[in-house]
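Asks: File query_11.cif below, mmCIF, C-alpha atoms:
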```cif
data_entry
#
loop_
_atom_site.label_atom_id
_atom_site.label_comp_id
_atom_site.auth_asym_id
_atom_site.auth_seq_id
_atom_site.Cartn_x
_atom_site.Cartn_y
_atom_site.Cartn_z
CA MET A 1 25.36 121.36 175.15
CA GLN A 2 27.73 123.92 176.68
CA TYR A 3 28.57 123.63 180.38
CA GLU A 4 29.83 126.50 182.51
CA ASN A 5 32.44 126.36 185.24
CA ARG A 6 30.35 126.31 188.44
CA ILE A 7 33.13 126.32 191.05
CA LYS A 8 32.10 129.68 192.54
CA GLU A 9 28.50 128.50 192.97
CA ILE A 10 29.75 125.16 194.35
CA GLU A 11 31.64 126.99 197.08
CA GLU A 12 28.47 128.89 198.02
CA LEU A 13 26.56 125.60 198.28
CA LYS A 14 29.38 123.96 200.23
CA HIS A 15 29.18 126.82 202.75
CA LYS A 16 25.47 126.03 203.23
CA ILE A 17 26.20 122.32 203.57
CA ASP A 18 28.96 122.94 206.12
CA LYS A 19 26.45 124.72 208.36
CA HIS A 20 24.66 121.38 208.79
CA MET A 21 27.81 119.67 210.06
CA PRO A 22 28.36 117.50 211.98
CA LEU A 23 25.56 115.25 210.80
CA SER A 24 23.80 112.83 213.10
CA LYS A 25 24.53 109.12 212.78
CA HIS A 26 21.04 108.61 211.36
CA ALA A 27 21.53 111.29 208.70
CA LEU A 28 24.92 109.91 207.73
CA GLU A 29 23.55 106.40 207.29
CA GLN A 30 20.58 107.65 205.28
CA LEU A 31 22.75 109.72 202.94
CA LYS A 32 25.35 107.01 202.51
CA GLY A 33 22.64 104.51 201.56
CA TYR A 34 21.09 106.97 199.12
CA TYR A 35 24.36 107.63 197.34
CA ARG A 36 25.45 103.99 197.39
CA ILE A 37 22.46 103.09 195.24
CA GLY A 38 22.44 106.27 193.15
CA LEU A 39 26.12 106.22 192.24
CA THR A 40 26.20 102.46 191.64
CA TYR A 41 23.17 102.58 189.36
CA ALA A 42 24.30 105.64 187.38
CA SER A 43 27.94 104.64 186.95
CA ASN A 44 27.01 101.15 185.81
CA ALA A 45 24.21 102.37 183.54
CA ILE A 46 26.63 104.66 181.71
CA GLU A 47 28.54 101.50 180.75
CA GLY A 48 25.45 99.61 179.58
CA ASN A 49 24.35 97.79 182.74
CA SER A 50 20.66 96.90 182.32
CA LEU A 51 19.58 97.12 185.98
CA THR A 52 17.24 99.98 186.85
CA GLU A 53 17.85 102.05 189.96
CA THR A 54 15.14 100.12 191.81
CA GLU A 55 16.59 96.79 190.68
CA THR A 56 20.05 97.93 191.76
CA LYS A 57 18.67 98.67 195.22
CA ILE A 58 17.03 95.24 195.42
CA VAL A 59 20.23 93.45 194.37
CA ILE A 60 22.43 95.37 196.82
CA GLU A 61 20.15 95.64 199.84
CA ASP A 62 18.09 92.45 199.57
CA GLY A 63 20.49 90.14 197.75
CA ILE A 64 17.78 89.14 195.29
CA THR A 65 18.53 88.42 191.65
CA ILE A 66 16.42 90.05 188.96
CA GLY A 67 14.85 87.59 186.52
CA GLY A 68 15.95 88.01 182.93
CA LYS A 69 18.93 90.24 183.77
CA PRO A 70 22.53 89.09 183.13
CA LEU A 71 24.50 87.74 186.07
CA LYS A 72 27.32 90.12 185.13
CA ASP A 73 25.01 93.09 185.76
CA HIS A 74 24.32 91.79 189.28
CA TYR A 75 28.05 91.33 189.93
CA GLU A 76 28.71 94.88 188.77
CA ALA A 77 26.13 96.24 191.22
CA ILE A 78 27.44 94.25 194.18
CA GLY A 79 31.08 94.99 193.34
CA HIS A 80 30.51 98.71 192.91
CA SER A 81 28.72 98.78 196.25
CA GLU A 82 31.77 97.21 197.91
CA ALA A 83 34.07 99.73 196.24
CA PHE A 84 31.76 102.53 197.42
CA SER A 85 32.19 101.38 201.02
CA PHE A 86 35.96 101.43 200.58
CA LEU A 87 35.73 105.05 199.39
CA TYR A 88 34.73 106.11 202.88
CA ASP A 89 37.74 104.38 204.42
CA LEU A 90 40.04 106.08 201.91
CA ALA A 91 38.34 109.45 202.40
CA LYS A 92 39.94 109.67 205.86
CA ASN A 93 43.31 110.05 204.13
CA LYS A 94 44.62 113.24 202.55
CA THR A 95 46.17 111.80 199.42
CA ILE A 96 45.61 109.03 196.91
CA LYS A 97 48.02 106.17 196.32
CA GLU A 98 48.43 103.83 193.37
CA ALA A 99 47.42 100.93 195.61
CA ASP A 100 44.12 102.70 196.38
CA ILE A 101 43.18 102.78 192.70
CA LEU A 102 44.09 99.12 192.26
CA LYS A 103 42.02 98.16 195.31
CA LEU A 104 38.97 100.10 194.10
CA HIS A 105 39.14 98.31 190.75
CA HIS A 106 39.66 94.94 192.41
CA LEU A 107 36.59 95.34 194.64
CA PHE A 108 34.43 96.31 191.70
CA TYR A 109 35.74 93.71 189.26
CA TYR A 110 36.84 90.52 191.03
CA ARG A 111 33.49 88.75 190.73
CA ILE A 112 33.51 89.38 186.98
CA ASP A 113 37.13 88.59 186.14
CA GLU A 114 39.30 87.66 189.12
CA ASP A 115 42.46 87.28 187.01
CA ASN A 116 42.33 90.92 185.84
CA ALA A 117 40.76 92.57 188.89
CA GLY A 118 43.05 95.23 190.32
CA LYS A 119 45.74 94.42 187.76
CA TYR A 120 47.00 96.43 184.83
CA ARG A 121 46.09 95.18 181.39
CA LYS A 122 48.56 93.03 179.48
CA VAL A 123 46.95 93.63 176.11
CA ASN A 124 46.44 96.66 173.90
CA VAL A 125 42.91 98.02 173.65
CA LEU A 126 40.80 100.19 171.35
CA ILE A 127 38.07 102.59 172.43
CA THR A 128 34.99 102.18 170.27
CA GLY A 129 33.73 105.39 168.71
CA SER A 130 36.87 107.39 169.43
CA THR A 131 40.00 108.27 167.49
CA PHE A 132 41.96 108.26 170.75
CA LYS A 133 44.35 105.35 171.08
CA PRO A 134 45.23 104.35 174.66
CA PRO A 135 48.89 103.76 175.51
CA ALA A 136 50.43 100.37 174.81
CA HIS A 137 50.02 97.94 177.70
CA SER A 138 53.77 97.89 178.26
CA GLU A 139 53.66 101.62 179.10
CA VAL A 140 50.85 101.40 181.64
CA PRO A 141 52.81 100.58 184.84
CA ALA A 142 55.23 103.49 184.33
CA LEU A 143 52.44 105.88 183.36
CA MET A 144 50.45 104.97 186.47
CA LYS A 145 53.46 105.46 188.73
CA LYS A 146 54.07 108.87 187.16
CA PHE A 147 50.38 109.80 187.41
CA THR A 148 49.99 108.81 191.06
CA GLY A 149 53.36 110.36 191.89
CA ASN A 150 52.08 113.68 190.54
CA ILE A 151 48.85 113.60 192.55
CA PRO A 152 50.15 115.57 195.59
CA ALA A 153 51.38 118.38 193.32
CA MET A 154 48.06 118.40 191.43
CA GLN A 155 46.16 118.64 194.70
CA LYS A 156 48.11 121.78 195.60
CA LYS A 157 47.81 123.34 192.16
CA TYR A 158 44.10 122.93 191.42
CA HIS A 159 40.81 123.62 193.13
CA PRO A 160 39.46 120.30 194.52
CA VAL A 161 36.70 120.11 191.91
CA GLU A 162 39.10 120.74 189.04
CA PHE A 163 41.56 118.30 190.60
CA SER A 164 38.89 115.60 190.73
CA ALA A 165 38.07 116.17 187.05
CA ARG A 166 41.71 116.07 186.01
CA ILE A 167 42.55 112.81 187.77
CA HIS A 168 39.38 111.28 186.30
CA LYS A 169 40.56 112.31 182.83
CA GLU A 170 44.10 111.09 183.44
CA LEU A 171 42.96 107.64 184.54
CA VAL A 172 40.63 107.04 181.58
CA THR A 173 43.35 108.33 179.25
CA ILE A 174 45.92 105.85 180.56
CA HIS A 175 43.13 103.24 180.44
CA PRO A 176 45.08 100.92 182.72
CA PHE A 177 42.56 98.09 183.02
CA VAL A 178 41.07 95.61 180.57
CA ASP A 179 37.60 96.80 181.60
CA GLY A 180 36.03 99.05 184.23
CA ASN A 181 38.20 102.11 183.54
CA GLY A 182 35.29 104.54 183.49
CA ARG A 183 33.85 103.25 186.73
CA ALA A 184 37.28 103.29 188.37
CA ALA A 185 37.73 106.90 187.21
CA ARG A 186 34.36 107.98 188.61
CA LEU A 187 35.17 106.30 191.93
CA LEU A 188 38.55 108.04 191.93
CA MET A 189 36.91 111.38 191.18
CA ASN A 190 34.52 110.92 194.09
CA LEU A 191 37.33 109.88 196.40
CA ALA A 192 39.07 113.17 195.64
CA LEU A 193 35.86 115.10 196.29
CA LEU A 194 35.16 113.31 199.59
CA GLN A 195 38.71 113.87 200.82
CA SER A 196 38.26 117.62 200.32
CA GLY A 197 34.83 117.81 201.94
CA TYR A 198 32.68 117.87 198.80
CA VAL A 199 29.65 115.72 198.08
CA ILE A 200 29.40 112.46 196.16
CA THR A 201 28.80 113.41 192.55
CA ILE A 202 26.62 111.40 190.21
CA ILE A 203 26.70 111.70 186.41
CA PRO A 204 23.16 110.90 185.22
CA PRO A 205 23.05 108.26 182.45
CA ILE A 206 20.90 110.64 180.39
CA LEU A 207 23.98 112.87 180.04
CA ARG A 208 26.20 110.02 178.84
CA ASN A 209 26.77 111.53 175.39
CA ASP A 210 27.77 114.93 176.79
CA TYR A 211 30.08 113.21 179.26
CA ILE A 212 31.75 111.00 176.65
CA ASN A 213 32.14 113.88 174.19
CA ALA A 214 33.79 116.04 176.85
CA ILE A 215 36.26 113.22 177.60
CA LYS A 216 37.02 112.83 173.90
CA LYS A 217 37.87 116.52 173.57
CA ALA A 218 40.30 116.17 176.45
CA GLN A 219 41.98 113.14 174.88
CA VAL A 220 42.38 113.90 171.18
CA GLU A 221 44.53 116.48 169.43
CA PRO A 222 44.21 119.38 169.96
CA LYS A 223 43.47 118.50 173.58
CA ASP A 224 40.97 120.71 175.37
CA ASP A 225 40.40 120.02 179.08
CA LYS A 226 38.02 122.92 179.63
CA PRO A 227 34.79 121.24 178.42
CA PHE A 228 35.41 118.24 180.67
CA ILE A 229 36.32 120.33 183.72
CA ASN A 230 33.22 122.46 183.14
CA PHE A 231 31.06 119.37 182.73
CA ILE A 232 32.30 117.84 186.00
CA SER A 233 31.90 121.13 187.85
CA SER A 234 28.30 121.28 186.63
CA MET A 235 27.72 117.76 187.91
CA VAL A 236 29.24 118.64 191.30
CA TYR A 237 27.03 121.73 191.42
CA GLU A 238 23.87 119.74 190.71
CA SER A 239 24.88 117.07 193.23
CA ALA A 240 25.47 119.73 195.90
CA LYS A 241 21.99 121.16 195.29
CA GLU A 242 20.54 117.67 195.63
CA TYR A 243 22.53 117.10 198.84
CA ILE A 244 21.06 120.25 200.39
CA ARG A 245 17.57 119.10 199.43
CA LEU A 246 18.20 115.76 201.11
CA LEU A 247 19.63 117.42 204.24
CA GLU A 248 16.54 119.58 204.57
CA SER A 249 14.26 116.54 204.27
CA LEU A 250 15.96 114.56 207.06
#
```
Here is the file; what I need is its structure written in the form of structure tokens.
Replies:
Amino acid sequence: MQYENRIKEIEELKHKIDKHMPLSKHALEQLKGYYRIGLTYASNAIEGNSLTETETKIVIEDGITIGGKPLKDHYEAIGHSEAFSFLYDLAKNKTIKEADILKLHHLFYYRIDEDNAGKYRKVNVLITGSTFKPPAHSEVPALMKKFTGNIPAMQKKYHPVEFSARIHKELVTIHPFVDGNGRAARLLMNLALLQSGYVITIIPPILRNDYINAIKKAQVEPKDDKPFINFISSMVYESAKEYIRLLESL
């Protein structure tokens, strides 16, 4: 499926959203709760987590385990929820630091693998179903320092939506962690969007193949970033429409 660049339409929707600002405390809490569950469920489901959206809500809000579901899936839900909370603290800042990325990964992953949570991988990895080969583990620290060092310049160069897509792509391409790279990248993308006044963006699990294929095109030779940037802009557009619908229902 072909995706169009929707940045112009996103700006029109953002203008409508901005008219509702500032939101009441009640509205903010309602929206934050809605996106905590929605983003946690969708981001985990893309990676194979078996919890449904309703089950994710029960695990996070009620602390109840779901019979027959792996403990790891519960840990992923709880950890992602913690990382989501940290997003809002980081969103008060204007830039993104290397330590922020490490902290997001640590919050998501420490219940699953404390030794590797928030730490760069010390082994080489392969990505199943892709011809792309991630950098050797020995290159990761330097690549991450270079990447995060370039973030301020990227913020100035690109529209916030394109910037969010590009840093997402860069992180999954470096693939700095043993596991959880995709979720860390989607959290990072949403951090960039929040910092610039855009809405939390959810990639529906049903679009997983389109999403993965767009990433692959941006990673393999000849590299083509356009499909991925267009895909992310389409997701931001759809999320902005949903946000307006929610605002009008509160």
Asks: Applying 9 Å and all atoms listed in the file, which residues near region 168-183 of chain A remain after dropping the ones on its own chain fewer than 5 positions away? List them as a JSON list (two decimals) with C-alpha atoms, in the coordinates of the input.
Replies:
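The new file around33.json reads:
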```
[["chain", "number", "residue", "atom", "x", "y", "z"],
["A", 43, "SER", "CA", 27.94, 104.64, 186.95],
["A", 44, "ASN", "CA", 27.01, 101.15, 185.81],
["A", 46, "ILE", "CA", 26.63, 104.66, 181.71],
["A", 47, "GLU", "CA", 28.54, 101.50, 180.75],
["A", 80, "HIS", "CA", 30.51, 98.71, 192.91],
["A", 105, "HIS", "CA", 39.14, 98.31, 190.75],
["A", 108, "PHE", "CA", 34.43, 96.31, 191.70],
["A", 109, "TYR", "CA", 35.74, 93.71, 189.26],
["A", 116, "ASN", "CA", 42.33, 90.92, 185.84],
["A", 117, "ALA", "CA", 40.76, 92.57, 188.89],
["A", 118, "GLY", "CA", 43.05, 95.23, 190.32],
["A", 119, "LYS", "CA", 45.74, 94.42, 187.76],
["A", 120, "TYR", "CA", 47.00, 96.43, 184.83],
["A", 121, "ARG", "CA", 46.09, 95.18, 181.39],
["A", 122, "LYS", "CA", 48.56, 93.03, 179.48],
["A", 123, "VAL", "CA", 46.95, 93.63, 176.11],
["A", 124, "ASN", "CA", 46.44, 96.66, 173.90],
["A", 125, "VAL", "CA", 42.91, 98.02, 173.65],
["A", 132, "PHE", "CA", 41.96, 108.26, 170.75],
["A", 133, "LYS", "CA", 44.35, 105.35, 171.08],
["A", 134, "PRO", "CA", 45.23, 104.35, 174.66],
["A", 135, "PRO", "CA", 48.89, 103.76, 175.51],
["A", 137, "HIS", "CA", 50.02, 97.94, 177.70],
["A", 139, "GLU", "CA", 53.66, 101.62, 179.10],
["A", 140, "VAL", "CA", 50.85, 101.40, 181.64],
["A", 141, "PRO", "CA", 52.81, 100.58, 184.84],
["A", 143, "LEU", "CA", 52.44, 105.88, 183.36],
["A", 144, "MET", "CA", 50.45, 104.97, 186.47],
["A", 147, "PHE", "CA", 50.38, 109.80, 187.41],
["A", 163, "PHE", "CA", 41.56, 118.30, 190.60],
["A", 188, "LEU", "CA", 38.55, 108.04, 191.93],
["A", 189, "MET", "CA", 36.91, 111.38, 191.18],
["A", 215, "ILE", "CA", 36.26, 113.22, 177.60],
["A", 218, "ALA", "CA", 40.30, 116.17, 176.45],
["A", 219, "GLN", "CA", 41.98, 113.14, 174.88],
["A", 225, "ASP", "CA", 40.40, 120.02, 179.08],
["A", 228, "PHE", "CA", 35.41, 118.24, 180.67]]
```
Asks: I'd like the residues picked by the PyMOL selection byres ((chain A and resi 20) around 12) written out as a PyMOL selection string, using the chain letters and numbers from the file.
Replies: chain A and resi 13-19+21-24+27-28+243-248+250
Asks: If the PyMOL selection byres ((chain A and resi 7-11) around 8) is run on the structure shown, which residues does it catch, given as a ChimeraX atom specification?
Replies: /A:5-6,12-15,161,233,236-237,240
Asks: Taking into account all atoms listed in the file, which residue in the set A:Ser81, A:Asn150, A:Thr56, A:Asn190 is nearest to Arg36 (chain A)?
Replies: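 Looking only at the distances to Arg36 (chain A), the closest residue turns out to be A:Ser81.
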Asks: Counting only C-alpha atoms, what is within 12 Å of Leu207 (chain A), bar same-chain residues fewer than 2 positions away, as a PDB file with C-alpha atoms, in the coordinates of the input?
Replies:
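Full text of around_36.pdb as output:
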```
ATOM      1  CA  MET A   1      25.360 121.360 175.150  1.00  0.00           C
ATOM      2  CA  TYR A   3      28.570 123.630 180.380  1.00  0.00           C
ATOM      3  CA  ALA A  42      24.300 105.640 187.380  1.00  0.00           C
ATOM      4  CA  SER A  43      27.940 104.640 186.950  1.00  0.00           C
ATOM      5  CA  ALA A  45      24.210 102.370 183.540  1.00  0.00           C
ATOM      6  CA  ILE A  46      26.630 104.660 181.710  1.00  0.00           C
ATOM      7  CA  ILE A 202      26.620 111.400 190.210  1.00  0.00           C
ATOM      8  CA  ILE A 203      26.700 111.700 186.410  1.00  0.00           C
ATOM      9  CA  PRO A 204      23.160 110.900 185.220  1.00  0.00           C
ATOM     10  CA  PRO A 205      23.050 108.260 182.450  1.00  0.00           C
ATOM     11  CA  ASN A 209      26.770 111.530 175.390  1.00  0.00           C
ATOM     12  CA  ASP A 210      27.770 114.930 176.790  1.00  0.00           C
ATOM     13  CA  TYR A 211      30.080 113.210 179.260  1.00  0.00           C
ATOM     14  CA  ILE A 212      31.750 111.000 176.650  1.00  0.00           C
ATOM     15  CA  ASN A 213      32.140 113.880 174.190  1.00  0.00           C
ATOM     16  CA  ALA A 214      33.790 116.040 176.850  1.00  0.00           C
ATOM     17  CA  PHE A 231      31.060 119.370 182.730  1.00  0.00           C
ATOM     18  CA  ILE A 232      32.300 117.840 186.000  1.00  0.00           C
ATOM     19  CA  SER A 234      28.300 121.280 186.630  1.00  0.00           C
ATOM     20  CA  MET A 235      27.720 117.760 187.910  1.00  0.00           C
TER      21      MET A 235
END
```
Asks: In Å to one decimal, how far is CA of Ala142 (chain A) from CA of Leu126 (chain A)?
Replies: 19.7 Å
Asks: For each of A:Leu39, A:Thr148, A:Tyr34, A:Leu191, take the minimum atom-to-atom distance to Lys92 (chain A), counting only C-alpha atoms, then give the residue where this is smallest.
Replies: A:Leu191
Asks: Pick the closest to Gly129 (chain A) from A:Asp113, A:Lys216, A:Leu102, A:Glu238: which is it, counting all atoms listed in the file?
Replies: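 Selected residue with least distance to Gly129 (chain A): A:Lys216.
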Asks: Applied to this file, what does the PyMOL selection byres ((chain A and resi 60) around 9) return in terms of residues, put as a PDB file with C-alpha atoms, keeping the file's coordinate frame?
Replies:
```pdb
ATOM      1  CA  ILE A  37      22.460 103.090 195.240  1.00  0.00           C
ATOM      2  CA  GLU A  55      16.590  96.790 190.680  1.00  0.00           C
ATOM      3  CA  THR A  56      20.050  97.930 191.760  1.00  0.00           C
ATOM      4  CA  LYS A  57      18.670  98.670 195.220  1.00  0.00           C
ATOM      5  CA  ILE A  58      17.030  95.240 195.420  1.00  0.00           C
ATOM      6  CA  VAL A  59      20.230  93.450 194.370  1.00  0.00           C
ATOM      7  CA  GLU A  61      20.150  95.640 199.840  1.00  0.00           C
ATOM      8  CA  ASP A  62      18.090  92.450 199.570  1.00  0.00           C
ATOM      9  CA  GLY A  63      20.490  90.140 197.750  1.00  0.00           C
ATOM     10  CA  ILE A  64      17.780  89.140 195.290  1.00  0.00           C
ATOM     11  CA  HIS A  74      24.320  91.790 189.280  1.00  0.00           C
ATOM     12  CA  ALA A  77      26.130  96.240 191.220  1.00  0.00           C
ATOM     13  CA  ILE A  78      27.440  94.250 194.180  1.00  0.00           C
ATOM     14  CA  SER A  81      28.720  98.780 196.250  1.00  0.00           C
TER      15      SER A  81
END
```
Asks: Quick one: residues within 10 Å of Pro152 (chain A), all atoms listed in the file counted, chain neighbours fewer than 6 positions away excluded, as an MDAnalysis selection string?
Replies: chainID A and resid 94:97
Asks: In Å, with one decimal, what is the gap from CA of Phe86 (chain A) to CA of Thr54 (chain A)?
Replies: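 Atom-to-atom, CA of Phe86 (chain A) and CA of Thr54 (chain A) are spaced 22.6 Å apart.
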Asks: Given only C-alpha atoms as the basis, pick out the residue of A:Lys25, A:Glu221, A:Glu242, A:Leu87 nearest to Ser130 (chain A).
Replies: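 That would be A:Glu221, the residue with the smallest distance to Ser130 (chain A).
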